[in-house]
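For reference, upload-v5.txt (compact mmCIF, C-alpha atoms and all ligand atoms):
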```txt
# COMPACT_ATOMS: atom_id res chain seq x y z
CA MET P 10 102.92 49.70 55.01
CA SER P 11 106.50 49.25 56.21
CA SER P 12 107.08 53.02 56.05
CA TYR P 13 105.46 53.00 59.51
CA TRP P 14 107.91 51.54 62.11
CA MET P 15 105.53 50.37 64.80
CA PRO P 16 106.26 50.80 68.54
CA PHE P 17 106.55 47.77 70.85
CA THR P 18 105.30 45.65 67.94
CA ALA P 19 106.44 42.53 66.14
CA ASN P 20 106.65 44.54 62.91
CA ARG P 21 107.39 41.59 60.60
CA GLN P 22 104.53 39.51 62.03
CA PHE P 23 102.17 42.49 61.78
CA LEU P 24 103.03 43.19 58.14
CA ALA P 25 102.25 39.56 57.33
CA HIS P 26 98.94 39.67 59.26
CA PRO P 27 97.81 43.30 59.76
CA ARG P 28 95.25 44.10 62.45
CA ILE P 29 93.53 47.37 61.59
CA LEU P 30 90.92 49.16 63.70
CA VAL P 31 88.72 51.79 62.08
CA GLY P 32 86.15 52.68 64.75
CA ALA P 33 85.24 52.46 68.43
CA GLU P 34 82.08 52.92 70.48
CA GLY P 35 81.36 51.98 74.09
CA MET P 36 82.97 48.61 74.82
CA TYR P 37 83.76 47.74 71.19
CA PHE P 38 86.29 48.44 68.45
CA THR P 39 85.32 47.99 64.80
CA LYS P 40 87.71 46.25 62.40
CA ALA P 41 88.19 47.26 58.76
CA ASP P 42 85.83 44.44 57.67
CA GLY P 43 83.08 45.87 59.91
CA THR P 44 83.24 43.15 62.60
CA LYS P 45 83.36 44.13 66.30
CA VAL P 46 86.08 43.47 68.87
CA LEU P 47 85.20 43.56 72.57
CA ASP P 48 87.77 45.76 74.32
CA GLY P 49 89.17 43.74 77.21
CA THR P 50 92.06 46.14 77.77
CA SER P 51 90.68 49.71 77.62
CA GLY P 52 92.85 50.11 74.54
CA LEU P 53 96.22 50.26 76.32
CA TRP P 54 94.82 50.68 79.85
CA CYS P 55 93.60 54.18 79.00
CA VAL P 56 89.98 54.29 77.78
CA ASN P 57 88.56 53.98 81.30
CA ALA P 58 85.12 55.45 80.49
CA GLY P 59 84.67 53.48 77.27
CA HIS P 60 85.04 54.63 73.68
CA GLY P 61 83.46 57.37 71.63
CA ARG P 62 82.42 59.66 74.49
CA LYS P 63 80.57 62.50 72.78
CA GLU P 64 81.19 64.95 75.65
CA ILE P 65 84.95 64.67 75.13
CA ALA P 66 84.67 64.99 71.34
CA LYS P 67 82.58 68.16 71.74
CA ALA P 68 84.90 69.68 74.35
CA VAL P 69 87.91 69.05 72.11
CA GLY P 70 86.20 70.49 69.00
CA ASP P 71 85.01 73.57 70.90
CA GLN P 72 88.49 74.12 72.34
CA ILE P 73 90.23 73.98 68.97
CA ALA P 74 87.74 76.53 67.63
CA ALA P 75 88.19 78.86 70.64
CA LEU P 76 91.91 78.59 71.46
CA ASP P 77 93.86 75.97 69.54
CA TYR P 78 97.19 76.57 71.26
CA ALA P 79 98.69 78.78 73.92
CA PRO P 80 102.45 78.91 74.63
CA ALA P 81 103.16 76.73 77.62
CA PHE P 82 106.06 78.82 78.94
CA GLN P 83 105.49 82.15 80.75
CA MET P 84 101.78 82.05 79.81
CA GLY P 85 98.55 80.30 80.79
CA HIS P 86 94.98 79.69 79.68
CA PRO P 87 91.86 79.08 81.79
CA GLY P 88 91.62 75.32 81.11
CA VAL P 89 95.02 74.47 82.54
CA PHE P 90 94.33 76.18 85.89
CA GLU P 91 90.87 74.61 86.08
CA LEU P 92 92.31 71.18 85.33
CA ALA P 93 95.12 71.55 87.90
CA ALA P 94 92.51 72.47 90.53
CA LYS P 95 90.19 69.58 89.62
CA LEU P 96 93.00 67.05 89.40
CA THR P 97 94.64 67.99 92.69
CA ALA P 98 91.21 67.94 94.36
CA ILE P 99 90.95 64.21 93.63
CA LEU P 100 94.59 63.44 94.45
CA PRO P 101 94.94 62.25 98.06
CA GLY P 102 96.76 64.02 100.90
CA ASP P 103 98.73 67.17 100.15
CA LEU P 104 99.53 66.26 96.54
CA ASP P 105 98.35 69.79 95.77
CA HIS P 106 100.30 70.71 92.62
CA ALA P 107 100.13 69.37 89.06
CA PHE P 108 102.93 69.59 86.48
CA PHE P 109 101.56 68.73 83.02
CA VAL P 110 103.31 66.68 80.33
CA ASN P 111 102.26 64.63 77.29
CA SER P 112 102.63 60.99 78.28
CA GLY P 113 103.38 58.58 81.07
CA SER P 114 107.03 58.41 80.02
CA GLU P 115 107.34 62.19 80.27
CA ALA P 116 105.60 62.14 83.65
CA VAL P 117 108.26 59.73 84.90
CA GLU P 118 111.17 61.75 83.45
CA SER P 119 109.68 64.91 84.97
CA ALA P 120 109.15 63.38 88.42
CA LEU P 121 112.73 62.10 88.48
CA LYS P 122 114.11 65.50 87.42
CA ILE P 123 111.94 67.24 90.05
CA ALA P 124 113.41 64.86 92.65
CA LEU P 125 116.96 65.85 91.65
CA ALA P 126 116.15 69.57 91.60
CA TYR P 127 114.40 69.37 94.97
CA HIS P 128 117.35 67.69 96.67
CA GLN P 129 119.71 70.19 95.10
CA ALA P 130 117.56 73.09 96.31
CA ARG P 131 117.80 71.66 99.85
CA GLY P 132 121.58 71.41 99.65
CA GLU P 133 121.55 67.61 99.21
CA GLY P 134 122.76 67.51 95.63
CA ALA P 135 124.65 64.25 96.23
CA ARG P 136 121.30 62.44 96.10
CA ARG P 137 121.40 61.40 92.45
CA ARG P 138 120.58 57.69 92.44
CA PHE P 139 117.13 56.28 91.69
CA ILE P 140 115.74 53.01 92.93
CA GLY P 141 113.26 51.09 90.79
CA ARG P 142 112.07 47.52 91.17
CA GLU P 143 112.54 44.28 89.27
CA ARG P 144 109.83 43.93 86.61
CA GLY P 145 108.76 47.55 87.01
CA TYR P 146 107.72 49.53 83.91
CA HIS P 147 108.12 53.29 83.84
CA GLY P 148 107.87 54.16 80.18
CA ALA P 149 110.28 54.12 77.29
CA ASP P 150 112.41 57.25 77.73
CA PHE P 151 115.99 57.16 79.07
CA ALA P 152 115.47 57.45 82.82
CA GLY P 153 112.20 55.50 82.75
CA THR P 154 113.94 52.67 80.91
CA ALA P 155 116.83 52.78 83.39
CA VAL P 156 114.60 52.58 86.50
CA GLY P 157 112.43 50.00 84.74
CA GLY P 158 113.02 46.40 85.64
CA ILE P 159 111.82 44.46 82.60
CA GLY P 160 114.97 42.88 81.14
CA ASN P 161 113.78 42.80 77.53
CA ASN P 162 113.11 46.53 77.59
CA ARG P 163 116.55 47.44 78.97
CA LYS P 164 119.17 45.04 77.80
CA GLY P 165 119.19 46.07 74.13
CA PHE P 166 120.19 49.61 75.07
CA GLY P 167 123.29 49.02 77.17
CA ASP P 168 124.26 51.39 79.95
CA LEU P 169 121.78 54.23 79.89
CA GLY P 170 124.10 56.37 81.99
CA ILE P 171 121.72 56.91 84.87
CA PRO P 172 122.65 55.78 88.39
CA VAL P 173 119.99 53.26 89.37
CA ASP P 174 119.47 50.12 91.37
CA HIS P 175 116.49 47.84 91.72
CA LEU P 176 114.53 46.42 94.63
CA ILE P 177 113.73 42.73 94.50
CA GLY P 178 110.38 42.07 92.85
CA ILE P 179 107.08 41.58 94.63
CA TYR P 180 106.05 38.44 92.80
CA ASP P 181 106.08 35.15 94.68
CA PRO P 182 105.10 32.12 92.55
CA ALA P 183 104.37 30.20 95.75
CA LEU P 184 101.31 32.46 96.13
CA ALA P 185 99.84 31.59 92.72
CA PHE P 186 96.06 32.04 92.39
CA THR P 187 95.90 34.64 95.17
CA ARG P 188 92.78 36.80 94.94
CA GLY P 189 93.64 40.48 95.34
CA GLU P 190 96.54 41.52 97.57
CA PRO P 191 98.78 38.73 98.88
CA ASN P 192 98.83 38.52 102.69
CA GLN P 193 102.54 37.74 102.76
CA GLY P 194 105.51 39.60 101.39
CA ALA P 195 105.42 43.09 102.94
CA ASP P 196 108.95 42.42 104.14
CA ARG P 197 110.17 42.56 100.53
CA ALA P 198 110.11 46.35 101.06
CA ASP P 199 112.99 45.85 103.54
CA ASP P 200 115.18 45.22 100.50
CA LEU P 201 115.39 49.00 100.34
CA GLU P 202 117.49 48.88 103.53
CA ARG P 203 119.96 46.64 101.68
CA LEU P 204 120.29 49.17 98.84
CA ILE P 205 120.63 52.01 101.34
CA ALA P 206 123.42 50.12 103.11
CA LEU P 207 125.08 49.49 99.74
CA HIS P 208 124.90 53.00 98.26
CA GLY P 209 124.37 55.26 101.29
CA ALA P 210 121.06 57.02 101.92
CA ASN P 211 122.67 60.38 101.15
CA THR P 212 123.17 59.32 97.49
CA ILE P 213 119.60 58.19 96.87
CA ALA P 214 117.12 60.71 95.44
CA ALA P 215 113.95 58.68 95.05
CA VAL P 216 112.29 55.30 94.92
CA ILE P 217 109.79 54.75 92.11
CA VAL P 218 107.32 51.86 92.06
CA GLU P 219 104.00 50.97 90.51
CA PRO P 220 101.44 50.18 93.25
CA PHE P 221 100.67 47.14 91.15
CA ALA P 222 102.93 46.35 88.23
CA GLY P 223 100.75 46.59 85.12
CA SER P 224 102.99 45.94 82.14
CA ALA P 225 104.76 43.01 83.81
CA GLY P 226 101.39 41.30 84.18
CA VAL P 227 99.39 42.61 87.16
CA LEU P 228 101.85 41.86 89.96
CA VAL P 229 100.06 43.01 93.09
CA SER P 230 101.88 44.56 96.06
CA PRO P 231 101.53 42.46 99.22
CA LYS P 232 99.44 43.95 102.05
CA GLY P 233 101.51 46.50 103.98
CA TYR P 234 104.31 46.64 101.38
CA LEU P 235 103.68 50.22 100.21
CA ALA P 236 103.32 51.51 103.78
CA ARG P 237 106.64 49.90 104.65
CA LEU P 238 108.39 51.53 101.69
CA ARG P 239 106.93 54.86 102.82
CA GLU P 240 108.26 54.39 106.32
CA ILE P 241 111.79 53.48 105.16
CA CYS P 242 111.91 56.40 102.68
CA ASP P 243 110.83 58.81 105.43
CA ARG P 244 113.50 57.52 107.78
CA HIS P 245 116.22 58.18 105.19
CA GLY P 246 115.01 61.40 103.52
CA ILE P 247 114.33 59.58 100.23
CA LEU P 248 111.40 60.65 98.04
CA LEU P 249 108.77 58.04 97.19
CA ILE P 250 107.14 58.18 93.76
CA PHE P 251 104.10 56.08 92.84
CA ASP P 252 103.82 55.52 89.12
CA GLU P 253 100.03 55.48 88.75
CA VAL P 254 99.97 55.76 84.96
CA ILE P 255 97.98 52.50 84.93
CA THR P 256 96.59 52.35 88.48
CA GLY P 257 95.09 55.88 88.41
CA PHE P 258 91.62 57.05 87.46
CA GLY P 259 89.60 54.16 88.87
CA ARG P 260 91.62 51.19 87.59
CA ILE P 261 92.33 50.07 91.15
CA GLY P 262 88.68 50.42 92.22
CA ALA P 263 89.36 53.84 93.77
CA SER P 264 90.56 57.17 92.39
CA PHE P 265 94.23 56.24 92.88
CA ALA P 266 96.13 53.42 94.55
CA ALA P 267 97.55 55.96 97.02
CA ALA P 268 93.97 56.66 98.16
CA ARG P 269 92.94 53.02 98.25
CA PHE P 270 95.93 51.94 100.32
CA GLY P 271 96.17 55.12 102.40
CA VAL P 272 99.86 55.67 101.56
CA ILE P 273 100.75 59.13 100.30
CA PRO P 274 103.82 59.28 98.05
CA ASP P 275 105.78 62.49 97.45
CA MET P 276 104.88 62.43 93.78
CA ILE P 277 102.39 60.54 91.60
CA THR P 278 102.90 60.09 87.87
CA LEU P 279 99.72 60.00 85.79
CA ALA P 280 98.64 59.75 82.13
CA LYS P 281 96.41 57.37 80.13
CA GLY P 282 92.96 57.64 81.81
CA LEU P 283 93.48 61.37 82.42
CA THR P 284 91.95 62.17 79.00
CA ASN P 285 90.24 58.78 78.65
CA GLY P 286 92.94 58.00 76.08
CA THR P 287 91.67 60.61 73.61
CA VAL P 288 94.48 63.18 73.57
CA PRO P 289 98.04 62.53 74.78
CA MET P 290 98.53 64.01 78.25
CA GLY P 291 100.30 63.15 81.48
CA ALA P 292 100.92 64.85 84.79
CA VAL P 293 103.00 64.72 87.93
CA GLY P 294 101.11 65.29 91.18
CA VAL P 295 103.52 66.92 93.64
CA ARG P 296 103.29 67.33 97.41
CA SER P 297 103.16 70.86 98.73
CA GLY P 298 106.49 70.58 100.61
CA ILE P 299 108.38 69.96 97.36
CA TYR P 300 106.60 72.80 95.55
CA LYS P 301 107.21 75.20 98.45
CA THR P 302 110.91 74.31 98.59
CA MET P 303 111.26 74.97 94.87
CA MET P 304 109.44 78.31 95.15
CA SER P 305 111.33 79.57 98.20
CA THR P 306 114.48 80.30 96.26
CA ASP P 307 116.73 83.32 96.76
CA ALA P 308 116.87 83.84 92.99
CA PRO P 309 115.20 87.01 91.65
CA GLU P 310 111.43 86.84 91.02
CA GLY P 311 112.01 86.75 87.25
CA ALA P 312 114.08 83.55 87.50
CA VAL P 313 112.59 80.26 86.31
CA GLU P 314 112.40 77.97 89.36
CA LEU P 315 112.38 74.70 87.40
CA PRO P 316 113.94 74.83 83.93
CA HIS P 317 111.85 71.93 82.63
CA GLY P 318 108.70 71.49 80.54
CA TYR P 319 107.43 70.83 77.03
CA THR P 320 105.95 72.85 74.15
CA TYR P 321 102.71 70.96 74.70
CA SER P 322 102.66 70.95 78.54
CA GLY P 323 99.07 71.73 79.54
CA HIS P 324 97.96 71.93 75.90
CA PRO P 325 94.51 73.58 75.74
CA VAL P 326 93.03 70.70 73.72
CA ALA P 327 94.39 68.07 76.12
CA CYS P 328 93.07 70.10 79.07
CA ALA P 329 89.61 70.25 77.48
CA ALA P 330 89.66 66.49 76.95
CA ALA P 331 90.83 65.86 80.53
CA LEU P 332 88.21 68.18 82.04
CA ALA P 333 85.47 66.40 80.06
CA ALA P 334 86.86 62.98 81.10
CA LEU P 335 87.02 63.95 84.80
CA ASP P 336 83.40 65.16 84.50
CA ILE P 337 82.32 61.79 83.15
CA PHE P 338 84.20 59.90 85.89
CA GLU P 339 82.46 62.01 88.51
CA ARG P 340 78.97 62.10 86.97
CA GLU P 341 78.91 58.34 86.40
CA ASP P 342 80.71 57.59 89.66
CA LEU P 343 83.00 55.30 87.69
CA PHE P 344 85.73 54.88 90.34
CA ALA P 345 83.15 53.53 92.82
CA ARG P 346 81.62 51.41 90.06
CA ALA P 347 85.04 49.87 89.40
CA GLY P 348 85.30 49.10 93.12
CA LYS P 349 81.93 47.32 93.03
CA MET P 350 82.77 45.36 89.87
CA GLU P 351 86.11 44.17 91.28
CA SER P 352 84.61 41.01 92.80
CA VAL P 353 82.73 40.24 89.56
CA LEU P 354 85.96 40.41 87.55
CA GLU P 355 87.78 38.44 90.28
CA ASP P 356 85.22 35.59 90.25
CA ALA P 357 85.07 35.58 86.45
CA VAL P 358 88.80 35.37 85.91
CA HIS P 359 89.47 32.84 88.68
CA SER P 360 86.77 30.60 87.13
CA LEU P 361 89.35 29.85 84.41
CA ARG P 362 91.55 27.98 86.91
CA GLY P 363 92.07 24.39 85.82
CA LEU P 364 92.03 25.14 82.07
CA PRO P 365 95.08 24.02 80.08
CA HIS P 366 98.43 25.87 80.46
CA ILE P 367 97.37 28.21 83.30
CA VAL P 368 99.97 28.48 86.08
CA ASP P 369 98.64 31.56 87.89
CA ILE P 370 95.70 33.97 87.99
CA ARG P 371 95.98 37.38 89.72
CA ASN P 372 93.67 40.35 90.10
CA ILE P 373 93.19 43.73 91.76
CA GLY P 374 90.65 46.45 90.98
CA MET P 375 89.61 46.23 87.33
CA ALA P 376 92.76 44.41 86.28
CA ALA P 377 93.53 40.73 86.06
CA ALA P 378 96.24 38.47 84.69
CA ILE P 379 96.31 34.89 83.54
CA GLU P 380 99.80 33.48 83.37
CA LEU P 381 100.55 30.57 81.05
CA GLU P 382 103.23 27.94 81.19
CA PRO P 383 105.87 28.74 78.55
CA ARG P 384 106.35 26.30 75.68
CA GLU P 385 109.71 24.62 76.04
CA THR P 386 110.74 25.44 72.50
CA ARG P 387 109.45 28.99 72.05
CA PRO P 388 109.07 31.02 75.25
CA ASN P 389 106.38 33.75 75.12
CA ALA P 390 104.83 32.29 71.98
CA ARG P 391 101.85 30.69 73.71
CA ALA P 392 100.39 33.92 75.10
CA PHE P 393 100.96 35.68 71.78
CA ASP P 394 99.08 32.88 70.02
CA ALA P 395 96.25 33.40 72.52
CA TYR P 396 96.28 37.11 71.65
CA LEU P 397 95.98 36.40 67.92
CA LYS P 398 93.23 33.82 68.42
CA CYS P 399 91.25 36.10 70.76
CA PHE P 400 91.46 38.92 68.22
CA GLU P 401 90.16 36.61 65.47
CA ARG P 402 87.28 35.66 67.78
CA GLY P 403 86.40 39.26 68.60
CA LEU P 404 88.19 39.96 71.90
CA LEU P 405 91.12 42.30 72.54
CA ILE P 406 93.44 41.14 75.31
CA ARG P 407 96.97 42.29 76.13
CA VAL P 408 99.93 39.97 76.51
CA THR P 409 103.35 40.52 78.01
CA GLY P 410 105.69 37.56 78.13
CA GLU P 411 103.51 34.57 79.00
CA THR P 412 100.88 36.65 80.76
CA ILE P 413 97.48 37.63 79.43
CA ALA P 414 96.14 40.83 80.99
CA LEU P 415 92.53 41.98 81.16
CA SER P 416 91.75 45.59 82.06
CA PRO P 417 88.35 46.44 80.62
CA PRO P 418 86.81 49.91 80.57
CA LEU P 419 85.16 50.68 83.93
CA ILE P 420 81.72 50.73 82.24
CA VAL P 421 81.95 46.97 81.55
CA THR P 422 78.88 44.91 82.51
CA SER P 423 78.80 41.45 84.07
CA ASP P 424 77.53 40.06 80.76
CA GLU P 425 80.44 41.58 78.86
CA LEU P 426 82.89 40.14 81.40
CA GLY P 427 81.16 36.79 80.93
CA ALA P 428 81.63 37.07 77.14
CA MET P 429 85.35 37.81 77.62
CA ILE P 430 85.79 34.76 79.83
CA LYS P 431 83.88 32.57 77.35
CA THR P 432 86.13 33.59 74.45
CA LEU P 433 89.28 33.25 76.56
CA SER P 434 88.25 29.84 77.76
CA SER P 435 87.59 28.58 74.20
CA VAL P 436 90.95 29.99 73.04
CA LEU P 437 92.89 28.43 75.95
CA LYS P 438 91.32 25.05 75.23
CA ASP P 439 92.43 25.31 71.57
CA LEU P 440 96.03 26.33 72.32
CA ASP P 441 98.84 23.85 71.99
N1 LIG R 1 104.41 54.13 83.64
C1 LIG R 1 103.62 53.06 83.67
C2 LIG R 1 103.34 52.40 84.98
C3 LIG R 1 103.05 52.57 82.50
O1 LIG R 1 102.29 51.47 82.53
C4 LIG R 1 103.31 53.24 81.29
C5 LIG R 1 102.72 52.77 80.03
O2 LIG R 1 102.15 51.72 79.95
C6 LIG R 1 104.15 54.36 81.32
C7 LIG R 1 104.69 54.79 82.51
C8 LIG R 1 104.50 55.08 80.04
O3 LIG R 1 103.39 55.76 79.55
P1 LIG R 1 103.40 56.26 78.03
O4 LIG R 1 103.33 55.04 77.17
O5 LIG R 1 102.17 57.14 77.96
O6 LIG R 1 104.64 57.04 77.81
```
Exercise: express the given structure as structure tokens:
Amino acid sequence: MSSYWMPFTANRQFLAHPRILVGAEGMYFTKADGTKVLDGTSGLWCVNAGHGRKEIAKAVGDQIAALDYAPAFQMGHPGVFELAAKLTAILPGDLDHAFFVNSGSEAVESALKIALAYHQARGEGARRRFIGRERGYHGADFAGTAVGGIGNNRKGFGDLGIPVDHLIGIYDPALAFTRGEPNQGADRADDLERLIALHGANTIAAVIVEPFAGSAGVLVSPKGYLARLREICDRHGILLIFDEVITGFGRIGASFAAARFGVIPDMITLAKGLTNGTVPMGAVGVRSGIYKTMMSTDAPEGAVELPHGYTYSGHPVACAAALAALDIFEREDLFARAGKMESVLEDAVHSLRGLPHIVDIRNIGMAAAIELEPRETRPNARAFDAYLKCFERGLLIRVTGETIALSPPLIVTSDELGAMIKTLSSVLKDLD
């Protein structure tokens, strides 16, 4: 089995104790021995409408039979235009253009490159620096890793050669056990003024943040924080990018965090839920001002305005999967359903307070985190033990550091949430 080098995986531990999934339907995975595992994490935050959706399987099969591939450059196919129209219709404000890619990481790289190209087109080519945030996650490619703020993901790779700096984080341990958005902390956005004073506004291209940090363990932006970032960026001509790879497509109890919080960024990065996790695809939603600037070039009509893209950008099969997924979201009103279930998940997860090892519980939309106290001897081992025990007992959770994250498919019922909490509670009581 070691011929497969597994991503973001403790390979040696896995080879000693393999965890193999062979099927999935609705809220459940099936293991190789036929037993079921309740999916508490929508796979990796992507299977928002639940597993095994027949409509998507049919759309994908039909598409391969009709048009398996169309060159992405200098050519189109009906599905990609239909998808761009449907996607931009649900993006808030004037985020009216979609640039397609194959993953969240590529969406981030593309948004950052678009930011550079846009500033250059406006004659502000000195704006080359990006600002991320402590504990942010923006994928695993070069620029995404550089703007990311999770130490373990960056420090093994040295200087990635990209000019970046990082805002202070949004997490305040003094506010442990807050339900939803913290009331305090919007002023942490003012840290951007410090970085502007340090580097000069005219060197900064864009700020990129997750509306809530997913991979770092559901760190929720304080009320007013995102609006404040928007205001400071506007004042200094800096682009604001929301990385909604996790928060998009209903996860936040609305279509997108930008819609829920009424703050329109200049670009939104998307992936995961876009195809309900079935076919790799990502996108950058771009405001009309940026698109118009890039199109109003003096170069001849035959010139490529943005020399960027991928062989599989807007792949017909991915487009078919995404169109079928968007149909399901709409038909089943899943974003609104997630909004209604938010309080059920919130009550369920906060009912764990008081159990051994728990130092914080956080939640927003259909996402929640339970943070454990690290063991003195082996940091991060306790949450990983919880992960292994939950899996043995038929529940898939996600852990990062000492934090357990829950992000179930948006079709989850109250009973299924209750079952997750029951398993988690028994596991936490058995942990040393
Ligand atoms: N951005 C955010 C906020 C993410 O959570 C992730 C993945 O978890 C990514 C980007 C990278 O997405 P991908 O793994 O599809 O490249």
Got a sec to check which residues lie within 6 Å of ligand LIG 1 (chain R), using all atoms listed in the file, and send them as a ChimeraX atom specification?
-> /P:112-114,146-148,219,223-224,252-255
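You will find CA of Ala334 (chain P) at 6.9 Å from CA of Leu283 (chain P).
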For CA of Ala263 (chain P) and CA of Ile99 (chain P), quote the distance in Å rounded to one decimal.
->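 Between CA of Ala263 (chain P) and CA of Ile99 (chain P) the gap works out to 10.5 Å.
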Mind listing whatever residues come within 10 Å of the point (110.2, 41.9, 88.0)? Use all atoms listed in the file, file coordinates, and give them as a VMD selection string.
-> chain P and resid 142 to 146 157 to 160 175 to 180 222 225 to 226 228
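Residue nearest Ser119 (chain P) within the list P:Ala395, P:Val293, P:Ala308, P:Ala331: P:Val293 [criterion: smallest interatomic distance, only C-alpha atoms].
Here CA of Phe23 (chain P) and CA of Arg384 (chain P) stand 21.7 Å from one another.
Using all atoms listed in the file, the smallest distance between any of P:Leu315, P:Leu335, P:Leu343, P:Val295 and Lys95 (chain P) comes from P:Leu335.
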